[in-house]
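Asker: My structure file entry.pdb, PDB, C-alpha atoms, is below:
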```pdb
ATOM      1  CA  MET A 608    -174.907  67.692-133.096  1.00  0.00           C
ATOM      2  CA  THR A 609    -177.747  69.911-134.282  1.00  0.00           C
ATOM      3  CA  ILE A 610    -178.037  73.670-134.184  1.00  0.00           C
ATOM      4  CA  ASP A 611    -180.975  73.281-131.798  1.00  0.00           C
ATOM      5  CA  GLY A 612    -178.817  71.222-129.463  1.00  0.00           C
ATOM      6  CA  LEU A 613    -175.967  73.686-129.788  1.00  0.00           C
ATOM      7  CA  TYR A 614    -178.357  76.541-129.013  1.00  0.00           C
ATOM      8  CA  GLU A 615    -179.784  74.826-125.947  1.00  0.00           C
ATOM      9  CA  GLU A 616    -176.325  73.986-124.677  1.00  0.00           C
ATOM     10  CA  HIS A 617    -174.630  77.373-125.141  1.00  0.00           C
ATOM     11  CA  GLU A 618    -177.266  80.098-125.552  1.00  0.00           C
ATOM     12  CA  GLU A 619    -177.285  81.185-121.914  1.00  0.00           C
ATOM     13  CA  SER A 620    -173.507  81.504-121.744  1.00  0.00           C
ATOM     14  CA  LEU A 621    -173.423  83.462-125.005  1.00  0.00           C
ATOM     15  CA  GLN A 622    -176.234  85.762-123.800  1.00  0.00           C
ATOM     16  CA  ARG A 623    -174.178  86.640-120.727  1.00  0.00           C
ATOM     17  CA  GLN A 624    -171.081  87.316-122.823  1.00  0.00           C
ATOM     18  CA  ALA A 625    -173.033  89.412-125.314  1.00  0.00           C
ATOM     19  CA  PHE A 626    -174.643  91.462-122.554  1.00  0.00           C
ATOM     20  CA  ARG A 627    -171.251  92.119-120.949  1.00  0.00           C
ATOM     21  CA  LEU A 628    -170.044  93.435-124.295  1.00  0.00           C
ATOM     22  CA  THR A 629    -173.092  95.495-125.288  1.00  0.00           C
ATOM     23  CA  ARG A 630    -174.767  96.415-121.991  1.00  0.00           C
ATOM     24  CA  ASP A 631    -178.019  96.217-123.972  1.00  0.00           C
ATOM     25  CA  THR A 632    -180.406  93.266-123.826  1.00  0.00           C
ATOM     26  CA  ASP A 633    -181.743  93.683-127.372  1.00  0.00           C
ATOM     27  CA  ALA A 634    -178.286  94.123-128.889  1.00  0.00           C
ATOM     28  CA  ALA A 635    -177.066  91.086-126.946  1.00  0.00           C
ATOM     29  CA  GLU A 636    -179.919  88.962-128.284  1.00  0.00           C
ATOM     30  CA  ASP A 637    -179.158  90.127-131.826  1.00  0.00           C
ATOM     31  CA  LEU A 638    -175.492  89.170-131.424  1.00  0.00           C
ATOM     32  CA  VAL A 639    -176.389  85.709-130.128  1.00  0.00           C
ATOM     33  CA  GLN A 640    -178.832  85.147-132.987  1.00  0.00           C
ATOM     34  CA  GLU A 641    -176.285  86.248-135.554  1.00  0.00           C
ATOM     35  CA  THR A 642    -173.705  83.955-133.953  1.00  0.00           C
ATOM     36  CA  PHE A 643    -175.992  80.969-134.410  1.00  0.00           C
ATOM     37  CA  VAL A 644    -176.770  82.023-137.974  1.00  0.00           C
ATOM     38  CA  ARG A 645    -173.023  81.897-138.621  1.00  0.00           C
ATOM     39  CA  ALA A 646    -172.899  78.510-136.920  1.00  0.00           C
ATOM     40  CA  LEU A 647    -175.422  77.204-139.468  1.00  0.00           C
ATOM     41  CA  GLY A 648    -172.851  77.730-142.184  1.00  0.00           C
ATOM     42  CA  HIS A 649    -170.191  75.875-140.192  1.00  0.00           C
ATOM     43  CA  ARG A 650    -172.159  72.831-139.018  1.00  0.00           C
ATOM     44  CA  LEU A 651    -169.625  70.347-140.388  1.00  0.00           C
ATOM     45  CA  LEU A 652    -166.729  72.019-138.633  1.00  0.00           C
ATOM     46  CA  LEU A 653    -168.651  72.338-135.377  1.00  0.00           C
ATOM     47  CA  ALA A 654    -169.639  68.667-135.515  1.00  0.00           C
ATOM     48  CA  GLN A 655    -165.944  67.720-135.535  1.00  0.00           C
ATOM     49  CA  LEU A 656    -165.146  69.781-132.442  1.00  0.00           C
ATOM     50  CA  ASN A 657    -165.627  68.736-128.839  1.00  0.00           C
ATOM     51  CA  ARG A 658    -167.995  70.637-126.515  1.00  0.00           C
ATOM     52  CA  HIS A 659    -165.361  73.081-125.250  1.00  0.00           C
ATOM     53  CA  GLN A 660    -164.003  73.792-128.727  1.00  0.00           C
ATOM     54  CA  ARG A 661    -167.529  74.492-130.000  1.00  0.00           C
ATOM     55  CA  LEU A 662    -168.125  76.927-127.153  1.00  0.00           C
ATOM     56  CA  ALA A 663    -164.799  78.619-127.874  1.00  0.00           C
ATOM     57  CA  TRP A 664    -165.724  78.904-131.573  1.00  0.00           C
ATOM     58  CA  LEU A 665    -169.114  80.405-130.691  1.00  0.00           C
ATOM     59  CA  ARG A 666    -167.597  82.861-128.193  1.00  0.00           C
ATOM     60  CA  ARG A 667    -164.924  83.957-130.655  1.00  0.00           C
ATOM     61  CA  THR A 668    -167.525  84.411-133.400  1.00  0.00           C
ATOM     62  CA  LEU A 669    -169.746  86.451-131.096  1.00  0.00           C
ATOM     63  CA  LYS A 670    -166.830  88.675-130.092  1.00  0.00           C
ATOM     64  CA  ARG A 671    -165.829  89.218-133.733  1.00  0.00           C
ATOM     65  CA  LEU A 672    -169.398  90.140-134.641  1.00  0.00           C
ATOM     66  CA  PHE A 673    -169.457  92.621-131.767  1.00  0.00           C
ATOM     67  CA  LEU A 674    -166.144  94.151-132.845  1.00  0.00           C
ATOM     68  CA  ASP A 675    -167.310  94.349-136.473  1.00  0.00           C
ATOM     69  CA  ARG A 676    -170.490  96.163-135.412  1.00  0.00           C
ATOM     70  CA  ARG A 677    -168.555  98.557-133.196  1.00  0.00           C
ATOM     71  CA  ALA A 678    -166.102  99.330-136.001  1.00  0.00           C
ATOM     72  CA  GLU A 679    -169.022  99.919-138.358  1.00  0.00           C
ATOM     73  CA  ARG A 680    -170.597 102.391-135.915  1.00  0.00           C
ATOM     74  CA  GLN A 681    -167.268 104.187-135.607  1.00  0.00           C
ATOM     75  CA  ARG A 682    -166.890 104.383-139.398  1.00  0.00           C
ATOM     76  CA  ARG A 683    -170.412 105.764-139.736  1.00  0.00           C
ATOM     77  CA  ALA A 684    -169.786 108.302-136.972  1.00  0.00           C
ATOM     78  CA  ALA A 685    -166.571 109.406-138.682  1.00  0.00           C
ATOM     79  CA  LEU A 686    -168.391 109.749-141.997  1.00  0.00           C
ATOM     80  CA  LEU A 687    -171.136 111.795-140.366  1.00  0.00           C
ATOM     81  CA  GLU A 688    -168.492 113.896-138.659  1.00  0.00           C
ATOM     82  CA  VAL A 689    -166.823 114.674-141.983  1.00  0.00           C
ATOM     83  CA  TYR A 690    -169.976 115.343-143.962  1.00  0.00           C
ATOM     84  CA  GLY A 691    -172.110 116.557-141.066  1.00  0.00           C
ATOM     85  CA  ARG A 692    -169.983 119.682-140.690  1.00  0.00           C
ATOM     86  CA  GLU A 693    -170.310 120.537-144.343  1.00  0.00           C
ATOM     87  CA  VAL A 694    -174.109 120.636-144.440  1.00  0.00           C
ATOM     88  CA  PRO A 695    -175.661 123.169-142.044  1.00  0.00           C
ATOM     89  CA  ALA A 696    -178.091 121.609-139.585  1.00  0.00           C
ATOM     90  CA  ALA A 697    -180.869 123.987-140.675  1.00  0.00           C
ATOM     91  CA  VAL A 698    -180.817 122.600-144.224  1.00  0.00           C
ATOM     92  CA  ASP A 699    -183.366 119.916-144.923  1.00  0.00           C
ATOM     93  CA  PRO A 700    -181.569 117.087-146.788  1.00  0.00           C
ATOM     94  CA  GLU A 701    -184.531 116.847-149.171  1.00  0.00           C
ATOM     95  CA  GLU A 702    -184.039 120.485-150.176  1.00  0.00           C
ATOM     96  CA  VAL A 703    -180.379 120.223-151.187  1.00  0.00           C
ATOM     97  CA  ASP A 704    -181.005 120.592-154.910  1.00  0.00           C
ATOM     98  CA  GLY A 705    -182.857 117.262-154.731  1.00  0.00           C
ATOM     99  CA  VAL A 706    -179.484 115.586-155.308  1.00  0.00           C
ATOM    100  CA  ASP A 707    -178.485 112.354-153.654  1.00  0.00           C
ATOM    101  CA  PRO A 708    -174.717 112.566-153.046  1.00  0.00           C
ATOM    102  CA  PHE A 709    -174.367 108.963-154.221  1.00  0.00           C
ATOM    103  CA  ASP A 710    -175.745 110.009-157.604  1.00  0.00           C
ATOM    104  CA  LEU A 711    -172.593 112.101-158.052  1.00  0.00           C
ATOM    105  CA  ALA A 712    -170.444 108.982-158.014  1.00  0.00           C
ATOM    106  CA  PRO A 713    -169.774 107.127-161.275  1.00  0.00           C
ATOM    107  CA  ALA A 714    -172.291 104.371-161.932  1.00  0.00           C
ATOM    108  CA  GLU A 715    -169.658 101.646-161.476  1.00  0.00           C
ATOM    109  CA  ASP A 716    -168.892 102.921-157.967  1.00  0.00           C
ATOM    110  CA  ARG A 717    -172.432 103.761-156.869  1.00  0.00           C
ATOM    111  CA  GLU A 718    -173.252 100.143-156.062  1.00  0.00           C
ATOM    112  CA  LEU A 719    -170.152  99.873-153.872  1.00  0.00           C
ATOM    113  CA  LEU A 720    -171.044 103.075-152.032  1.00  0.00           C
ATOM    114  CA  GLU A 721    -174.604 101.865-151.452  1.00  0.00           C
ATOM    115  CA  MET A 722    -173.413  98.525-150.124  1.00  0.00           C
ATOM    116  CA  ARG A 723    -170.793 100.099-147.887  1.00  0.00           C
ATOM    117  CA  TYR A 724    -172.505 103.170-146.461  1.00  0.00           C
ATOM    118  CA  ARG A 725    -176.209 102.378-146.681  1.00  0.00           C
ATOM    119  CA  GLN A 726    -176.196  98.621-146.129  1.00  0.00           C
ATOM    120  CA  GLY A 727    -173.206  98.714-143.783  1.00  0.00           C
ATOM    121  CA  LEU A 728    -171.291  95.874-145.439  1.00  0.00           C
ATOM    122  CA  SER A 729    -167.556  95.570-144.933  1.00  0.00           C
ATOM    123  CA  SER A 730    -165.152  95.547-147.870  1.00  0.00           C
ATOM    124  CA  VAL A 731    -164.682  91.797-147.388  1.00  0.00           C
ATOM    125  CA  GLU A 732    -168.456  91.212-147.519  1.00  0.00           C
ATOM    126  CA  ILE A 733    -168.802  93.421-150.605  1.00  0.00           C
ATOM    127  CA  ALA A 734    -165.887  91.635-152.250  1.00  0.00           C
ATOM    128  CA  ALA A 735    -167.495  88.255-151.640  1.00  0.00           C
ATOM    129  CA  GLU A 736    -170.831  89.418-153.013  1.00  0.00           C
ATOM    130  CA  LEU A 737    -169.348  91.017-156.142  1.00  0.00           C
ATOM    131  CA  ASP A 738    -166.591  88.435-156.630  1.00  0.00           C
ATOM    132  CA  LEU A 739    -163.821  91.030-156.398  1.00  0.00           C
ATOM    133  CA  PRO A 740    -160.645  91.146-154.308  1.00  0.00           C
ATOM    134  CA  PRO A 741    -161.186  93.098-151.043  1.00  0.00           C
ATOM    135  CA  GLY A 742    -158.281  95.415-151.917  1.00  0.00           C
ATOM    136  CA  THR A 743    -159.987  96.361-155.163  1.00  0.00           C
ATOM    137  CA  VAL A 744    -163.185  97.134-153.292  1.00  0.00           C
ATOM    138  CA  ARG A 745    -161.317  99.338-150.795  1.00  0.00           C
ATOM    139  CA  TRP A 746    -159.525 101.214-153.589  1.00  0.00           C
ATOM    140  CA  ARG A 747    -162.714 101.780-155.565  1.00  0.00           C
ATOM    141  CA  LEU A 748    -164.503 103.020-152.426  1.00  0.00           C
ATOM    142  CA  HIS A 749    -161.624 105.380-151.665  1.00  0.00           C
ATOM    143  CA  ARG A 750    -161.668 106.703-155.226  1.00  0.00           C
ATOM    144  CA  ALA A 751    -165.470 107.135-155.188  1.00  0.00           C
ATOM    145  CA  VAL A 752    -165.436 109.065-151.904  1.00  0.00           C
ATOM    146  CA  ARG A 753    -162.651 111.277-153.233  1.00  0.00           C
ATOM    147  CA  ARG A 754    -164.738 112.005-156.346  1.00  0.00           C
ATOM    148  CA  MET A 755    -167.792 112.804-154.214  1.00  0.00           C
ATOM    149  CA  ARG A 756    -165.773 115.277-152.143  1.00  0.00           C
ATOM    150  CA  ALA A 757    -165.082 117.211-155.328  1.00  0.00           C
ATOM    151  CA  HIS A 758    -168.821 117.994-155.416  1.00  0.00           C
ATOM    152  CA  LYS A 759    -169.180 119.002-151.777  1.00  0.00           C
ATOM    153  CA  HIS A 760    -169.725 122.660-152.769  1.00  0.00           C
ATOM    154  CA  ARG A 761    -173.194 121.648-153.990  1.00  0.00           C
ATOM    155  CA  PHE A 762    -174.180 120.765-150.426  1.00  0.00           C
ATOM    156  CA  LEU A 763    -172.848 123.818-148.607  1.00  0.00           C
TER     157      LEU A 763
END
```
Could you write out this file's structure as structure tokens?
Answerer:
Amino acid sequence: MTIDGLYEEHEESLQRQAFRLTRDTDAAEDLVQETFVRALGHRLLLAQLNRHQRLAWLRRTLKRLFLDRRAERQRRAALLEVYGREVPAAVDPEEVDGVDPFDLAPAEDRELLEMRYRQGLSSVEIAAELDLPPGTVRWRLHRAVRRMRAHKHRFL
């Protein structure tokens, strides 16, 4: 079983599923591609499964990727909701004292904030990349956001 063979066998079915979830052709294609990228890392497992189990694995992975993306959009929207109200729309972000809000965070937390809110990584992904427990990442992010809120007066 090769990834090419897996792609040829299941791509059409996954495209349909992805489109049903996203209602957007481009987003559906992105989900399918990302699903097969994940499959690359699990070739040995997929080789041990029968055809139906492989399809189930691919479908489940695609659905999880979709749910992760949706949750990420919701987190970003919530963050914009919280901070969007605090900065008047007429203010140009470049003119707010020339200060990047992330610069207000301690140096040890700045990298976490960048990875989470600019790169869109989950706490589990950040934890894997930095070799930290996910709970530690979540706590440090919480603490960093709380510290940043203490400086919100600079952006009003």
Asker: Range 654-667 of chain A: which residues within 12 Å, counting all atoms listed in the file, same-chain residues fewer than 6 positions away excluded, as a PyMOL selection string?
Answerer: chain A and resi 608-610+612-625+628+638-648+673-674
Asker: Given only C-alpha atoms as the basis, pick out the residue of A:Thr629, A:Val744, A:Ala751, A:Tyr724 nearest to Ala685 in chain A.
Answerer: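 Going through A:Thr629, A:Val744, A:Ala751, A:Tyr724 one by one, the smallest distance to Ala685 in chain A is for A:Tyr724.
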Asker: Would you write out, as a list of chain:residue names, every residue that the PyMOL selection byres ((chain A and resi 708-719) around 7) captures in this file?
Answerer: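 That selection, the PyMOL selection byres ((chain A and resi 708-719) around 7), comes back as A:Val706, A:Asp707, A:Leu720, A:Glu721, A:Met722, A:Arg723, A:Arg747, A:Leu748, A:Ala751, A:Arg754, A:Met755.
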Asker: Quote the spacing between CA of Gln726 in chain A and CA of Arg683 in chain A in Å to one decimal place.
Answerer: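 Calculated distance between CA of Gln726 in chain A and CA of Arg683 in chain A is 11.2 Å.
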Asker: Just how far from CA of Leu686 in chain A is CA of Glu732 in chain A, in Å to one decimal?
Answerer: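 Taking CA of Glu732 in chain A as the start and CA of Leu686 in chain A as the end point, the length is 19.3 Å.
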Asker: Which residue is closest to Arg650 in chain A? Choose from A:Leu672, A:Ala684, A:Asp611, A:Arg630 and count only C-alpha atoms.
Answerer: A:Asp611
Asker: Show me, as lines of an AutoDock Vina configuration file, the centre and edge lengths in Å to one decimal of the axis-aligned box that covers every listed atom of range 712-719 of chain A with 3 Å on each side.
Answerer:
```
center_x = -171.1
center_y = 104.4
center_z = -157.9
size_x = 10.4
size_y = 15.1
size_z = 14.1
```
Asker: So how many Å separate CA of Trp746 in chain A and CA of Ile733 in chain A, to one decimal?
Answerer: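 Straight-line distance from CA of Trp746 in chain A to CA of Ile733 in chain A works out to 12.5 Å.
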Asker: Would you mind completing range 712-723 of chain A to all heavy atoms and writing the output as a tab-separated table (two decimals), in the frame of the given file?
Answerer:
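Contents of the output file out30.tsv:
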```tsv
chain	number	residue	atom	x	y	z
A	712	ALA	N	-171.50	109.98	-157.78
A	712	ALA	CA	-170.44	108.98	-158.01
A	712	ALA	C	-170.68	108.31	-159.36
A	712	ALA	O	-171.81	108.18	-159.82
A	712	ALA	CB	-170.46	107.94	-156.91
A	713	PRO	N	-169.61	107.87	-160.02
A	713	PRO	CA	-169.77	107.13	-161.28
A	713	PRO	C	-170.64	105.88	-161.05
A	713	PRO	O	-170.62	105.29	-159.96
A	713	PRO	CB	-168.34	106.73	-161.64
A	713	PRO	CG	-167.46	107.66	-160.88
A	713	PRO	CD	-168.21	108.03	-159.64
A	714	ALA	N	-171.36	105.50	-162.05
A	714	ALA	CA	-172.29	104.37	-161.93
A	714	ALA	C	-171.60	103.11	-161.43
A	714	ALA	O	-172.16	102.36	-160.63
A	714	ALA	CB	-172.97	104.11	-163.28
A	715	GLU	N	-170.35	102.87	-161.88
A	715	GLU	CA	-169.66	101.65	-161.48
A	715	GLU	C	-169.30	101.64	-159.99
A	715	GLU	O	-169.11	100.59	-159.39
A	715	GLU	CB	-168.41	101.38	-162.33
A	715	GLU	CG	-167.28	102.39	-162.12
A	715	GLU	CD	-167.34	103.59	-163.04
A	715	GLU	OE1	-168.34	103.77	-163.76
A	715	GLU	OE2	-166.38	104.37	-163.04
A	716	ASP	N	-169.23	102.84	-159.39
A	716	ASP	CA	-168.89	102.92	-157.97
A	716	ASP	C	-170.12	103.10	-157.08
A	716	ASP	O	-170.05	102.89	-155.88
A	716	ASP	CB	-167.93	104.08	-157.71
A	716	ASP	CG	-166.57	103.84	-158.34
A	716	ASP	OD1	-166.22	102.66	-158.54
A	716	ASP	OD2	-165.88	104.82	-158.65
A	717	ARG	N	-171.23	103.49	-157.65
A	717	ARG	CA	-172.43	103.76	-156.87
A	717	ARG	C	-172.89	102.53	-156.10
A	717	ARG	O	-173.26	102.62	-154.93
A	717	ARG	CB	-173.54	104.25	-157.79
A	717	ARG	CG	-174.68	104.91	-157.06
A	717	ARG	CD	-175.65	105.61	-158.00
A	717	ARG	NE	-174.94	106.52	-158.87
A	717	ARG	CZ	-175.11	106.56	-160.20
A	717	ARG	NH1	-175.97	105.78	-160.79
A	717	ARG	NH2	-174.43	107.40	-160.94
A	718	GLU	N	-172.83	101.38	-156.73
A	718	GLU	CA	-173.25	100.14	-156.06
A	718	GLU	C	-172.37	99.86	-154.85
A	718	GLU	O	-172.86	99.50	-153.78
A	718	GLU	CB	-173.19	98.96	-157.03
A	718	GLU	CG	-173.62	97.65	-156.40
A	718	GLU	CD	-173.55	96.48	-157.37
A	718	GLU	OE1	-172.83	96.56	-158.39
A	718	GLU	OE2	-174.20	95.47	-157.07
A	719	LEU	N	-171.07	100.07	-155.00
A	719	LEU	CA	-170.15	99.87	-153.87
A	719	LEU	C	-170.48	100.82	-152.73
A	719	LEU	O	-170.49	100.43	-151.56
A	719	LEU	CB	-168.70	100.10	-154.31
A	719	LEU	CG	-168.11	99.08	-155.27
A	719	LEU	CD1	-166.74	99.55	-155.73
A	719	LEU	CD2	-168.00	97.74	-154.60
A	720	LEU	N	-170.72	102.08	-153.06
A	720	LEU	CA	-171.04	103.08	-152.03
A	720	LEU	C	-172.34	102.70	-151.30
A	720	LEU	O	-172.42	102.81	-150.08
A	720	LEU	CB	-171.17	104.47	-152.65
A	720	LEU	CG	-169.86	105.08	-153.13
A	720	LEU	CD1	-170.13	106.28	-154.03
A	720	LEU	CD2	-169.00	105.48	-151.94
A	721	GLU	N	-173.32	102.28	-152.05
A	721	GLU	CA	-174.60	101.86	-151.45
A	721	GLU	C	-174.39	100.70	-150.49
A	721	GLU	O	-174.89	100.70	-149.38
A	721	GLU	CB	-175.60	101.46	-152.54
A	721	GLU	CG	-176.07	102.57	-153.43
A	721	GLU	CD	-177.23	103.35	-152.84
A	721	GLU	OE1	-177.87	102.85	-151.91
A	721	GLU	OE2	-177.47	104.47	-153.31
A	722	MET	N	-173.64	99.71	-150.95
A	722	MET	CA	-173.41	98.52	-150.12
A	722	MET	C	-172.62	98.87	-148.87
A	722	MET	O	-172.91	98.36	-147.79
A	722	MET	CB	-172.68	97.45	-150.93
A	722	MET	CG	-173.50	96.90	-152.08
A	722	MET	SD	-172.55	95.81	-153.15
A	722	MET	CE	-172.68	94.29	-152.21
A	723	ARG	N	-171.67	99.77	-149.02
A	723	ARG	CA	-170.79	100.10	-147.89
A	723	ARG	C	-171.47	101.02	-146.88
A	723	ARG	O	-171.48	100.77	-145.69
A	723	ARG	CB	-169.49	100.75	-148.43
A	723	ARG	CG	-168.55	101.19	-147.36
A	723	ARG	CD	-167.94	99.94	-146.70
A	723	ARG	NE	-167.10	100.34	-145.62
A	723	ARG	CZ	-167.51	100.38	-144.36
A	723	ARG	NH1	-168.72	100.03	-144.04
A	723	ARG	NH2	-166.69	100.75	-143.41
```
